[in-house]
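S.K.: Provided herewith: model.cif, mmCIF, C-alpha atoms; chains and numbers go by the auth columns.
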data_upload
loop_
_atom_site.group_PDB
_atom_site.id
_atom_site.type_symbol
_atom_site.label_atom_id
_atom_site.label_comp_id
_atom_site.label_asym_id
_atom_site.label_seq_id
_atom_site.Cartn_x
_atom_site.Cartn_y
_atom_site.Cartn_z
_atom_site.B_iso_or_equiv
_atom_site.auth_seq_id
_atom_site.auth_asym_id
ATOM 1 C CA MET A 1 0.000 0.000 0.000 0.00 1 A
ATOM 2 C CA SER A 2 1.462 3.373 -1.004 0.00 2 A
ATOM 3 C CA GLU A 3 1.609 6.280 1.452 0.00 3 A
ATOM 4 C CA ARG A 4 -1.310 8.144 -0.079 0.00 4 A
ATOM 5 C CA PRO A 5 -3.186 10.807 1.921 0.00 5 A
ATOM 6 C CA LEU A 6 -6.295 9.495 3.662 0.00 6 A
ATOM 7 C CA SER A 7 -9.350 11.495 4.671 0.00 7 A
ATOM 8 C CA PRO A 8 -10.445 12.914 7.071 0.00 8 A
ATOM 9 C CA HIS A 9 -7.559 15.418 7.336 0.00 9 A
ATOM 10 C CA LEU A 10 -8.501 16.473 10.844 0.00 10 A
ATOM 11 C CA SER A 11 -5.275 18.363 11.516 0.00 11 A
ATOM 12 C CA VAL A 12 -5.766 20.911 8.717 0.00 12 A
ATOM 13 C CA TYR A 13 -8.964 22.360 10.222 0.00 13 A
ATOM 14 C CA ARG A 14 -9.335 24.967 12.930 0.00 14 A
ATOM 15 C CA PHE A 15 -11.175 23.467 15.910 0.00 15 A
ATOM 16 C CA MET A 16 -14.937 23.971 15.924 0.00 16 A
ATOM 17 C CA TYR A 17 -17.221 22.619 18.637 0.00 17 A
ATOM 18 C CA THR A 18 -19.252 20.642 16.082 0.00 18 A
ATOM 19 C CA MET A 19 -16.141 18.423 15.801 0.00 19 A
ATOM 20 C CA ALA A 20 -16.359 17.619 19.508 0.00 20 A
ATOM 21 C CA LEU A 21 -20.002 16.600 19.044 0.00 21 A
ATOM 22 C CA SER A 22 -19.009 14.372 16.146 0.00 22 A
ATOM 23 C CA ILE A 23 -16.378 12.411 18.063 0.00 23 A
ATOM 24 C CA ALA A 24 -18.589 12.364 21.166 0.00 24 A
ATOM 25 C CA HIS A 25 -21.248 10.547 19.124 0.00 25 A
ATOM 26 C CA ARG A 26 -18.735 7.793 18.428 0.00 26 A
ATOM 27 C CA PHE A 27 -17.460 7.627 22.027 0.00 27 A
ATOM 28 C CA THR A 28 -20.963 7.465 23.485 0.00 28 A
ATOM 29 C CA GLY A 29 -21.870 4.813 20.911 0.00 29 A
ATOM 30 C CA VAL A 30 -18.981 2.593 22.007 0.00 30 A
ATOM 31 C CA GLY A 31 -19.918 3.215 25.645 0.00 31 A
ATOM 32 C CA LEU A 32 -23.515 2.230 24.989 0.00 32 A
ATOM 33 C CA ALA A 33 -22.358 -0.996 23.320 0.00 33 A
ATOM 34 C CA MET A 34 -20.798 -1.848 26.701 0.00 34 A
ATOM 35 C CA ALA A 35 -24.029 -0.844 28.429 0.00 35 A
ATOM 36 C CA LEU A 36 -25.737 -3.674 26.511 0.00 36 A
ATOM 37 C CA CYS A 37 -23.707 -6.082 28.682 0.00 37 A
ATOM 38 C CA ALA A 38 -25.169 -4.486 31.817 0.00 38 A
ATOM 39 C CA LEU A 39 -28.687 -4.665 30.341 0.00 39 A
ATOM 40 C CA VAL A 40 -28.288 -8.377 29.579 0.00 40 A
ATOM 41 C CA TYR A 41 -26.812 -8.980 33.054 0.00 41 A
ATOM 42 C CA TRP A 42 -29.878 -7.306 34.595 0.00 42 A
ATOM 43 C CA LEU A 43 -32.254 -9.386 32.416 0.00 43 A
ATOM 44 C CA ALA A 44 -30.377 -12.599 33.226 0.00 44 A
ATOM 45 C CA SER A 45 -30.587 -11.864 36.952 0.00 45 A
ATOM 46 C CA ALA A 46 -34.349 -11.391 36.653 0.00 46 A
ATOM 47 C CA ALA A 47 -34.596 -14.686 34.766 0.00 47 A
ATOM 48 C CA ALA A 48 -32.584 -16.483 37.449 0.00 48 A
ATOM 49 C CA GLY A 49 -35.029 -15.643 40.246 0.00 49 A
ATOM 50 C CA GLU A 50 -35.422 -13.443 43.292 0.00 50 A
ATOM 51 C CA GLY A 51 -32.068 -14.168 44.976 0.00 51 A
ATOM 52 C CA GLU A 52 -30.017 -13.399 41.883 0.00 52 A
ATOM 53 C CA TYR A 53 -32.125 -10.337 41.123 0.00 53 A
ATOM 54 C CA GLN A 54 -31.606 -8.885 44.590 0.00 54 A
ATOM 55 C CA ARG A 55 -27.875 -9.562 44.318 0.00 55 A
ATOM 56 C CA ALA A 56 -27.803 -7.686 40.987 0.00 56 A
ATOM 57 C CA VAL A 57 -29.740 -4.771 42.498 0.00 57 A
ATOM 58 C CA THR A 58 -27.288 -4.589 45.407 0.00 58 A
ATOM 59 C CA LEU A 59 -24.337 -4.666 43.008 0.00 59 A
ATOM 60 C CA LEU A 60 -25.847 -2.013 40.720 0.00 60 A
ATOM 61 C CA SER A 61 -26.746 0.216 43.695 0.00 61 A
ATOM 62 C CA ALA A 62 -23.145 0.429 44.886 0.00 62 A
ATOM 63 C CA TRP A 63 -21.551 3.793 44.108 0.00 63 A
ATOM 64 C CA PRO A 64 -19.009 2.707 41.450 0.00 64 A
ATOM 65 C CA ALA A 65 -21.779 0.920 39.522 0.00 65 A
ATOM 66 C CA ARG A 66 -24.166 3.800 40.069 0.00 66 A
ATOM 67 C CA LEU A 67 -21.664 6.274 38.602 0.00 67 A
ATOM 68 C CA LEU A 68 -21.235 3.967 35.609 0.00 68 A
ATOM 69 C CA LEU A 69 -25.022 3.763 35.163 0.00 69 A
ATOM 70 C CA LEU A 70 -25.270 7.566 35.344 0.00 70 A
ATOM 71 C CA ALA A 71 -22.496 7.885 32.739 0.00 71 A
ATOM 72 C CA TRP A 72 -24.386 5.447 30.503 0.00 72 A
ATOM 73 C CA LEU A 73 -27.580 7.443 31.012 0.00 73 A
ATOM 74 C CA ALA A 74 -25.776 10.638 29.980 0.00 74 A
ATOM 75 C CA ALA A 75 -24.235 8.837 26.988 0.00 75 A
ATOM 76 C CA PHE A 76 -27.666 7.544 25.996 0.00 76 A
ATOM 77 C CA CYS A 77 -29.302 10.986 26.204 0.00 77 A
ATOM 78 C CA TYR A 78 -26.539 12.497 24.088 0.00 78 A
ATOM 79 C CA HIS A 79 -26.407 9.673 21.520 0.00 79 A
ATOM 80 C CA LEU A 80 -30.209 9.764 21.136 0.00 80 A
ATOM 81 C CA ALA A 81 -30.399 13.554 20.693 0.00 81 A
ATOM 82 C CA ASN A 82 -27.396 13.725 18.358 0.00 82 A
ATOM 83 C CA GLY A 83 -28.594 10.591 16.537 0.00 83 A
ATOM 84 C CA ILE A 84 -31.872 12.340 15.697 0.00 84 A
ATOM 85 C CA ARG A 85 -29.745 15.266 14.412 0.00 85 A
ATOM 86 C CA HIS A 86 -27.897 12.800 12.184 0.00 86 A
ATOM 87 C CA LEU A 87 -31.163 11.325 10.894 0.00 87 A
ATOM 88 C CA ILE A 88 -32.410 14.824 10.030 0.00 88 A
ATOM 89 C CA TRP A 89 -29.153 15.451 8.114 0.00 89 A
ATOM 90 C CA ASP A 90 -29.583 12.121 6.308 0.00 90 A
ATOM 91 C CA ALA A 91 -33.048 13.277 5.241 0.00 91 A
ATOM 92 C CA GLY A 92 -31.306 16.270 3.656 0.00 92 A
ATOM 93 C CA PHE A 93 -32.138 19.032 6.134 0.00 93 A
ATOM 94 C CA GLY A 94 -30.052 21.359 8.301 0.00 94 A
ATOM 95 C CA LEU A 95 -26.777 20.844 6.479 0.00 95 A
ATOM 96 C CA GLU A 96 -25.771 24.527 6.282 0.00 96 A
ATOM 97 C CA LYS A 97 -22.911 25.531 8.577 0.00 97 A
ATOM 98 C CA ALA A 98 -24.994 27.938 10.667 0.00 98 A
ATOM 99 C CA GLN A 99 -27.810 25.373 11.011 0.00 99 A
ATOM 100 C CA ALA A 100 -25.386 22.606 12.032 0.00 100 A
ATOM 101 C CA ARG A 101 -23.896 24.840 14.728 0.00 101 A
ATOM 102 C CA ARG A 102 -27.337 25.810 16.010 0.00 102 A
ATOM 103 C CA SER A 103 -28.498 22.160 16.082 0.00 103 A
ATOM 104 C CA ALA A 104 -25.294 21.276 17.959 0.00 104 A
ATOM 105 C CA ARG A 105 -26.295 23.662 20.742 0.00 105 A
ATOM 106 C CA VAL A 106 -29.870 22.318 20.708 0.00 106 A
ATOM 107 C CA VAL A 107 -28.523 18.755 21.080 0.00 107 A
ATOM 108 C CA ILE A 108 -26.404 19.694 24.112 0.00 108 A
ATOM 109 C CA VAL A 109 -29.322 21.429 25.836 0.00 109 A
ATOM 110 C CA VAL A 110 -31.824 18.631 25.051 0.00 110 A
ATOM 111 C CA ALA A 111 -29.369 15.913 26.146 0.00 111 A
ATOM 112 C CA ALA A 112 -28.550 17.733 29.389 0.00 112 A
ATOM 113 C CA LEU A 113 -32.221 18.323 30.241 0.00 113 A
ATOM 114 C CA GLY A 114 -33.125 14.722 29.352 0.00 114 A
ATOM 115 C CA PHE A 115 -30.292 13.415 31.531 0.00 115 A
ATOM 116 C CA LEU A 116 -31.250 15.581 34.510 0.00 116 A
ATOM 117 C CA LEU A 117 -34.935 14.627 34.216 0.00 117 A
ATOM 118 C CA ALA A 118 -34.225 10.882 33.899 0.00 118 A
ATOM 119 C CA ALA A 119 -31.632 10.924 36.699 0.00 119 A
ATOM 120 C CA TRP A 120 -34.037 12.801 38.966 0.00 120 A
ATOM 121 C CA LEU A 121 -36.870 10.357 38.192 0.00 121 A
ATOM 122 C CA LEU A 122 -34.567 7.360 38.767 0.00 122 A
ATOM 123 C CA TYR A 123 -32.728 8.437 41.912 0.00 123 A
ATOM 124 C CA GLY A 124 -34.689 11.375 43.260 0.00 124 A
ATOM 125 C CA VAL A 125 -38.268 10.084 43.203 0.00 125 A
ATOM 126 C CA HIS A 126 -37.795 6.321 43.657 0.00 126 A
ATOM 127 C CA ARG A 127 -35.135 6.089 46.326 0.00 127 A
ATOM 128 C CA GLY A 128 -35.084 2.290 46.014 0.00 128 A
ATOM 129 C CA ALA A 129 -33.803 2.322 42.435 0.00 129 A
ATOM 130 C CA PRO A 130 -30.413 0.769 41.748 0.00 130 A
ATOM 131 C CA MET B 1 3.794 5.630 -5.480 0.00 1 B
ATOM 132 C CA SER B 2 2.826 2.348 -7.105 0.00 2 B
ATOM 133 C CA LEU B 3 2.746 2.150 -10.882 0.00 3 B
ATOM 134 C CA ARG B 4 -0.470 0.125 -10.851 0.00 4 B
ATOM 135 C CA SER B 5 -3.591 1.922 -12.026 0.00 5 B
ATOM 136 C CA ALA B 6 -6.506 2.553 -9.656 0.00 6 B
ATOM 137 C CA LEU B 7 -8.552 -0.054 -11.534 0.00 7 B
ATOM 138 C CA GLY B 8 -5.757 -2.592 -11.263 0.00 8 B
ATOM 139 C CA THR B 9 -5.615 -2.078 -7.498 0.00 9 B
ATOM 140 C CA ALA B 10 -9.380 -2.382 -7.071 0.00 10 B
ATOM 141 C CA LEU B 11 -9.974 -5.427 -9.296 0.00 11 B
ATOM 142 C CA GLY B 12 -10.273 -8.781 -7.585 0.00 12 B
ATOM 143 C CA HIS B 13 -11.331 -7.341 -4.239 0.00 13 B
ATOM 144 C CA GLY B 14 -15.041 -7.999 -4.806 0.00 14 B
ATOM 145 C CA ALA B 15 -17.956 -5.639 -5.281 0.00 15 B
ATOM 146 C CA ALA B 16 -18.177 -2.586 -3.049 0.00 16 B
ATOM 147 C CA GLY B 17 -21.988 -2.545 -3.234 0.00 17 B
ATOM 148 C CA ALA B 18 -22.475 -3.754 0.347 0.00 18 B
ATOM 149 C CA GLY B 19 -21.745 -0.310 1.806 0.00 19 B
ATOM 150 C CA VAL B 20 -25.219 0.946 0.956 0.00 20 B
ATOM 151 C CA ALA B 21 -26.867 -1.938 2.820 0.00 21 B
ATOM 152 C CA HIS B 22 -24.751 -1.154 5.898 0.00 22 B
ATOM 153 C CA TRP B 23 -25.627 2.553 5.693 0.00 23 B
ATOM 154 C CA TRP B 24 -29.351 1.828 5.422 0.00 24 B
ATOM 155 C CA SER B 25 -29.318 -0.797 8.210 0.00 25 B
ATOM 156 C CA GLN B 26 -27.632 1.679 10.539 0.00 26 B
ATOM 157 C CA ARG B 27 -30.275 4.354 9.828 0.00 27 B
ATOM 158 C CA VAL B 28 -33.316 2.051 9.931 0.00 28 B
ATOM 159 C CA SER B 29 -32.187 0.496 13.219 0.00 29 B
ATOM 160 C CA ALA B 30 -31.492 4.003 14.603 0.00 30 B
ATOM 161 C CA LEU B 31 -35.001 5.116 13.669 0.00 31 B
ATOM 162 C CA ALA B 32 -36.534 2.029 15.315 0.00 32 B
ATOM 163 C CA LEU B 33 -34.470 2.566 18.460 0.00 33 B
ATOM 164 C CA VAL B 34 -35.864 6.073 19.016 0.00 34 B
ATOM 165 C CA PRO B 35 -39.318 4.881 20.196 0.00 35 B
ATOM 166 C CA LEU B 36 -38.012 1.565 21.592 0.00 36 B
ATOM 167 C CA THR B 37 -35.346 3.029 23.878 0.00 37 B
ATOM 168 C CA LEU B 38 -37.650 5.861 24.958 0.00 38 B
ATOM 169 C CA TRP B 39 -40.236 3.215 25.902 0.00 39 B
ATOM 170 C CA LEU B 40 -37.636 1.290 27.917 0.00 40 B
ATOM 171 C CA LEU B 41 -36.277 4.389 29.683 0.00 41 B
ATOM 172 C CA GLY B 42 -39.850 5.582 30.375 0.00 42 B
ATOM 173 C CA ALA B 43 -40.608 2.190 31.957 0.00 43 B
ATOM 174 C CA LEU B 44 -37.361 2.089 33.973 0.00 44 B
ATOM 175 C CA VAL B 45 -37.877 5.515 35.534 0.00 45 B
ATOM 176 C CA ARG B 46 -41.428 4.635 36.647 0.00 46 B
ATOM 177 C CA LEU B 47 -40.809 1.097 37.967 0.00 47 B
ATOM 178 C CA PRO B 48 -39.675 0.205 41.500 0.00 48 B
ATOM 179 C CA LEU B 49 -36.533 -1.499 40.151 0.00 49 B
ATOM 180 C CA GLY B 50 -35.476 -2.917 43.505 0.00 50 B
ATOM 181 C CA ASP B 51 -38.795 -4.693 44.112 0.00 51 B
ATOM 182 C CA TYR B 52 -38.577 -8.183 42.607 0.00 52 B
ATOM 183 C CA ALA B 53 -42.289 -8.981 43.029 0.00 53 B
ATOM 184 C CA VAL B 54 -43.362 -5.953 40.982 0.00 54 B
ATOM 185 C CA MET B 55 -40.560 -6.355 38.431 0.00 55 B
ATOM 186 C CA SER B 56 -41.406 -10.025 37.949 0.00 56 B
ATOM 187 C CA LEU B 57 -45.007 -9.052 37.155 0.00 57 B
ATOM 188 C CA TRP B 58 -43.775 -6.396 34.729 0.00 58 B
ATOM 189 C CA PHE B 59 -41.515 -8.818 32.820 0.00 59 B
ATOM 190 C CA GLY B 60 -44.513 -10.971 31.885 0.00 60 B
ATOM 191 C CA TYR B 61 -47.165 -8.297 31.482 0.00 61 B
ATOM 192 C CA GLY B 62 -48.794 -7.614 28.087 0.00 62 B
ATOM 193 C CA TRP B 63 -46.415 -6.483 25.360 0.00 63 B
ATOM 194 C CA ASN B 64 -43.474 -5.907 27.711 0.00 64 B
ATOM 195 C CA PRO B 65 -41.476 -9.061 26.825 0.00 65 B
ATOM 196 C CA VAL B 66 -42.076 -8.470 23.103 0.00 66 B
ATOM 197 C CA LEU B 67 -40.949 -4.838 23.246 0.00 67 B
ATOM 198 C CA LEU B 68 -38.004 -5.752 25.484 0.00 68 B
ATOM 199 C CA GLY B 69 -36.886 -8.444 23.016 0.00 69 B
ATOM 200 C CA LEU B 70 -37.259 -6.065 20.086 0.00 70 B
ATOM 201 C CA THR B 71 -35.303 -3.318 21.869 0.00 71 B
ATOM 202 C CA LEU B 72 -32.505 -5.754 22.693 0.00 72 B
ATOM 203 C CA LEU B 73 -32.290 -7.257 19.192 0.00 73 B
ATOM 204 C CA VAL B 74 -32.420 -3.942 17.318 0.00 74 B
ATOM 205 C CA GLY B 75 -29.999 -2.485 19.886 0.00 75 B
ATOM 206 C CA CYS B 76 -27.506 -5.320 19.344 0.00 76 B
ATOM 207 C CA TRP B 77 -27.870 -4.990 15.573 0.00 77 B
ATOM 208 C CA HIS B 78 -27.320 -1.212 15.660 0.00 78 B
ATOM 209 C CA SER B 79 -24.404 -1.634 18.063 0.00 79 B
ATOM 210 C CA SER B 80 -22.673 -4.295 15.945 0.00 80 B
ATOM 211 C CA LEU B 81 -22.952 -2.077 12.855 0.00 81 B
ATOM 212 C CA GLY B 82 -21.493 0.888 14.758 0.00 82 B
ATOM 213 C CA ILE B 83 -18.637 -1.055 16.357 0.00 83 B
ATOM 214 C CA GLN B 84 -17.838 -2.536 12.936 0.00 84 B
ATOM 215 C CA VAL B 85 -17.302 0.981 11.538 0.00 85 B
ATOM 216 C CA VAL B 86 -15.134 1.948 14.516 0.00 86 B
ATOM 217 C CA ILE B 87 -12.952 -1.171 14.063 0.00 87 B
ATOM 218 C CA GLU B 88 -12.650 -0.608 10.308 0.00 88 B
ATOM 219 C CA ASP B 89 -11.634 3.017 10.906 0.00 89 B
ATOM 220 C CA TYR B 90 -8.923 2.423 13.511 0.00 90 B
ATOM 221 C CA VAL B 91 -7.665 -1.160 13.189 0.00 91 B
ATOM 222 C CA HIS B 92 -5.574 -1.422 10.045 0.00 92 B
ATOM 223 C CA ALA B 93 -3.575 -4.645 10.440 0.00 93 B
ATOM 224 C CA PRO B 94 -5.575 -7.166 8.347 0.00 94 B
ATOM 225 C CA GLY B 95 -5.363 -10.109 10.741 0.00 95 B
ATOM 226 C CA LEU B 96 -6.139 -8.036 13.822 0.00 96 B
ATOM 227 C CA LYS B 97 -8.999 -6.307 12.006 0.00 97 B
ATOM 228 C CA LEU B 98 -10.582 -9.634 11.039 0.00 98 B
ATOM 229 C CA ALA B 99 -10.170 -10.938 14.582 0.00 99 B
ATOM 230 C CA ALA B 100 -11.720 -7.782 16.054 0.00 100 B
ATOM 231 C CA LEU B 101 -14.677 -7.911 13.648 0.00 101 B
ATOM 232 C CA LEU B 102 -15.285 -11.605 14.339 0.00 102 B
ATOM 233 C CA GLY B 103 -14.990 -11.004 18.078 0.00 103 B
ATOM 234 C CA SER B 104 -17.407 -8.072 17.974 0.00 104 B
ATOM 235 C CA ASN B 105 -19.970 -10.010 15.944 0.00 105 B
ATOM 236 C CA GLY B 106 -19.610 -13.006 18.248 0.00 106 B
ATOM 237 C CA LEU B 107 -20.091 -10.919 21.386 0.00 107 B
ATOM 238 C CA HIS B 108 -23.090 -9.112 19.929 0.00 108 B
ATOM 239 C CA GLY B 109 -24.621 -12.444 18.902 0.00 109 B
ATOM 240 C CA LEU B 110 -24.018 -13.790 22.397 0.00 110 B
ATOM 241 C CA LEU B 111 -25.651 -10.711 23.981 0.00 111 B
ATOM 242 C CA ALA B 112 -28.642 -10.946 21.651 0.00 112 B
ATOM 243 C CA ALA B 113 -29.214 -14.682 22.149 0.00 113 B
ATOM 244 C CA GLY B 114 -28.468 -14.617 25.890 0.00 114 B
ATOM 245 C CA GLY B 115 -30.608 -11.563 26.493 0.00 115 B
ATOM 246 C CA LEU B 116 -33.514 -12.986 24.506 0.00 116 B
ATOM 247 C CA TYR B 117 -33.348 -16.239 26.478 0.00 117 B
ATOM 248 C CA ALA B 118 -33.333 -14.236 29.723 0.00 118 B
ATOM 249 C CA ILE B 119 -36.362 -12.192 28.600 0.00 119 B
ATOM 250 C CA VAL B 120 -38.321 -15.358 27.758 0.00 120 B
ATOM 251 C CA ARG B 121 -37.383 -16.998 31.073 0.00 121 B
ATOM 252 C CA ALA B 122 -38.238 -13.890 33.079 0.00 122 B
ATOM 253 C CA ALA B 123 -41.581 -13.637 31.266 0.00 123 B
ATOM 254 C CA LEU B 124 -42.427 -17.309 31.895 0.00 124 B
ATOM 255 C CA ARG B 125 -41.438 -16.939 35.554 0.00 125 B
ATOM 256 C CA SER B 126 -43.850 -14.034 35.880 0.00 126 B
ATOM 257 C CA PRO B 127 -47.009 -14.816 37.887 0.00 127 B
ATOM 258 C CA THR B 128 -49.228 -13.014 35.322 0.00 128 B
#
Here is the file; what I need is its structure written in the form of structure tokens.
M.R.:
Amino acid sequence: MSERPLSPHLSVYRFMYTMALSIAHRFTGVGLAMALCALVYWLASAAAGEGEYQRAVTLLSAWPARLLLLAWLAAFCYHLANGIRHLIWDAGFGLEKAQARRSARVVIVVAALGFLLAAWLLYGVHRGAP
Amino acid sequence: MSLRSALGTALGHGAAGAGVAHWWSQRVSALALVPLTLWLLGALVRLPLGDYAVMSLWFGYGWNPVLLGLTLLVGCWHSSLGIQVVIEDYVHAPGLKLAALLGSNGLHGLLAAGGLYAIVRAALRSPT
């Protein structure tokens, strides 16, 4: 293979916050792939019966696990909001620079509000939640 | 620079037509996951997750096991497509790339099959 230039040439561009959103979509996606393991673990514990389920709840309620779950919740809120932005682009809308920058700010606000609401509902209202 | 033409380099490596199918699968699964994951999150925030008796009822109630299974399967499908792109972008050594892709597909298959089995068992265990 010859040493030909390969896109994307990230280093030739001045930093713009839309770039951070782009790479964050990939990072959160990889994180959420790992969250699937936790989801299946939770389902398997429910299938195994009450003892296993309670053990899983205890494990998931411990602070390290709880922080991980909160990080996954934040990743989910971001990936969902930015994913909808991507789907709108794929439909051919909002591709102008100014629109993409505005939608980037909308995504951050929507993701943050969604995360705060879900976290409050999970840990603020039901105190028994893992 | 190699003296071989672009055509000469490309020939014999098979058709590149599969990229469109991957692109569409990623978008269709993303679209399906919007309502599915919102349903799951909406259920999780309202349920008493630490109460096995209530959760056991929920796992077998109405459409819950069906929607759970669908969310898991579409989620695994979407995830495997995404991880595939990440591996293809960053892992360049051919052998390592193949191993990573096979490993990712295997793990996603395991999660999908294992999770589905767990959903069915939890639903059948349910007193409803």
S.K.: Convert the output of the PyMOL selection byres ((chain B) within 6 of (chain A)) on the shown file into explicit residues, formatted as a PyMOL selection string.
M.R.: chain B and resi 1+45+49-50+79+115+118+121-122
S.K.: For the residues in the current selection, export C-alpha atoms as an mmCIF file, in the frame of the given file.
M.R.:
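Dumped to selection-v3.cif:
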data_model
loop_
_atom_site.group_PDB
_atom_site.id
_atom_site.type_symbol
_atom_site.label_atom_id
_atom_site.label_comp_id
_atom_site.auth_asym_id
_atom_site.auth_seq_id
_atom_site.Cartn_x
_atom_site.Cartn_y
_atom_site.Cartn_z
ATOM 1 C CA MET B 1 3.794 5.630 -5.480
ATOM 2 C CA VAL B 45 -37.877 5.515 35.534
ATOM 3 C CA LEU B 49 -36.533 -1.499 40.151
ATOM 4 C CA GLY B 50 -35.476 -2.917 43.505
ATOM 5 C CA SER B 79 -24.404 -1.634 18.063
ATOM 6 C CA GLY B 115 -30.608 -11.563 26.493
ATOM 7 C CA ALA B 118 -33.333 -14.236 29.723
ATOM 8 C CA ARG B 121 -37.383 -16.998 31.073
ATOM 9 C CA ALA B 122 -38.238 -13.890 33.079
#
S.K.: Can you work out the spacing between atom CA of B:Thr9 and atom CA of B:Ala21 in Å, to one decimal?
M.R.: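 We find that atom CA of B:Thr9 and atom CA of B:Ala21 lie 23.6 Å from each other.
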S.K.: Please return the centre and edge lengths, in Å to one decimal, of a box with edges along x, y and z that contains all listed atoms of stretch 31-38 of chain A, widened by 4 Å on every side, as lines of an AutoDock Vina configuration file.
M.R.:
center_x = -22.8
center_y = -1.4
center_z = 27.6
size_x = 13.8
size_y = 17.3
size_z = 16.5
S.K.: Between atom CA of B:Ser29 and atom CA of B:Ile83, measure the distance and give it in Å to one decimal.
M.R.: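 According to the coordinates, atom CA of B:Ser29 and atom CA of B:Ile83 are separated by 14.0 Å.
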S.K.: How would you write, as a VMD selection string, the residues chosen by the PyMOL selection byres ((chain B and resi 33) around 12) on this structure?
M.R.: (chain A and resid 76 79 to 81 83 to 84) or (chain B and resid 25 to 32 34 to 41 67 to 68 70 to 79)
S.K.: Please identify all polymer residues within 12 Å of A:Tyr17, counting only C-alpha atoms, omitting same-chain residues fewer than 3 positions from it, and present them as JSON, numbers by chain.
M.R.: {"A": [13, 14, 20, 21, 22, 23, 24, 97, 100, 101, 102, 103, 104, 105, 108]}
S.K.: Rounded to one decimal in Å, what is the spacing between atom CA of B:Tyr52 and atom CA of A:Ala74?
M.R.: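 The value is 26.0 Å.
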S.K.: As a PyMOL selection string, please: the residues near A:Asn82 (cut-off 7 Å, all atoms listed in the file, same-chain neighbours under 4 positions excluded).
M.R.: chain A and resi 25+78+86+107
S.K.: Write a file for stretch 33-83 of chain B, containing C-alpha atoms (output as a short mmCIF file (atom, residue, chain, number, x, y, z; two decimals), in the first residue's frame).
M.R.:
data_model
loop_
_atom_site.label_atom_id
_atom_site.label_comp_id
_atom_site.auth_asym_id
_atom_site.auth_seq_id
_atom_site.Cartn_x
_atom_site.Cartn_y
_atom_site.Cartn_z
CA LEU B 33 -34.47 2.57 18.46
CA VAL B 34 -35.86 6.07 19.02
CA PRO B 35 -39.32 4.88 20.20
CA LEU B 36 -38.01 1.56 21.59
CA THR B 37 -35.35 3.03 23.88
CA LEU B 38 -37.65 5.86 24.96
CA TRP B 39 -40.24 3.21 25.90
CA LEU B 40 -37.64 1.29 27.92
CA LEU B 41 -36.28 4.39 29.68
CA GLY B 42 -39.85 5.58 30.37
CA ALA B 43 -40.61 2.19 31.96
CA LEU B 44 -37.36 2.09 33.97
CA VAL B 45 -37.88 5.52 35.53
CA ARG B 46 -41.43 4.64 36.65
CA LEU B 47 -40.81 1.10 37.97
CA PRO B 48 -39.68 0.20 41.50
CA LEU B 49 -36.53 -1.50 40.15
CA GLY B 50 -35.48 -2.92 43.50
CA ASP B 51 -38.80 -4.69 44.11
CA TYR B 52 -38.58 -8.18 42.61
CA ALA B 53 -42.29 -8.98 43.03
CA VAL B 54 -43.36 -5.95 40.98
CA MET B 55 -40.56 -6.36 38.43
CA SER B 56 -41.41 -10.03 37.95
CA LEU B 57 -45.01 -9.05 37.16
CA TRP B 58 -43.77 -6.40 34.73
CA PHE B 59 -41.51 -8.82 32.82
CA GLY B 60 -44.51 -10.97 31.89
CA TYR B 61 -47.16 -8.30 31.48
CA GLY B 62 -48.79 -7.61 28.09
CA TRP B 63 -46.42 -6.48 25.36
CA ASN B 64 -43.47 -5.91 27.71
CA PRO B 65 -41.48 -9.06 26.83
CA VAL B 66 -42.08 -8.47 23.10
CA LEU B 67 -40.95 -4.84 23.25
CA LEU B 68 -38.00 -5.75 25.48
CA GLY B 69 -36.89 -8.44 23.02
CA LEU B 70 -37.26 -6.06 20.09
CA THR B 71 -35.30 -3.32 21.87
CA LEU B 72 -32.51 -5.75 22.69
CA LEU B 73 -32.29 -7.26 19.19
CA VAL B 74 -32.42 -3.94 17.32
CA GLY B 75 -30.00 -2.49 19.89
CA CYS B 76 -27.51 -5.32 19.34
CA TRP B 77 -27.87 -4.99 15.57
CA HIS B 78 -27.32 -1.21 15.66
CA SER B 79 -24.40 -1.63 18.06
CA SER B 80 -22.67 -4.29 15.94
CA LEU B 81 -22.95 -2.08 12.85
CA GLY B 82 -21.49 0.89 14.76
CA ILE B 83 -18.64 -1.06 16.36
#
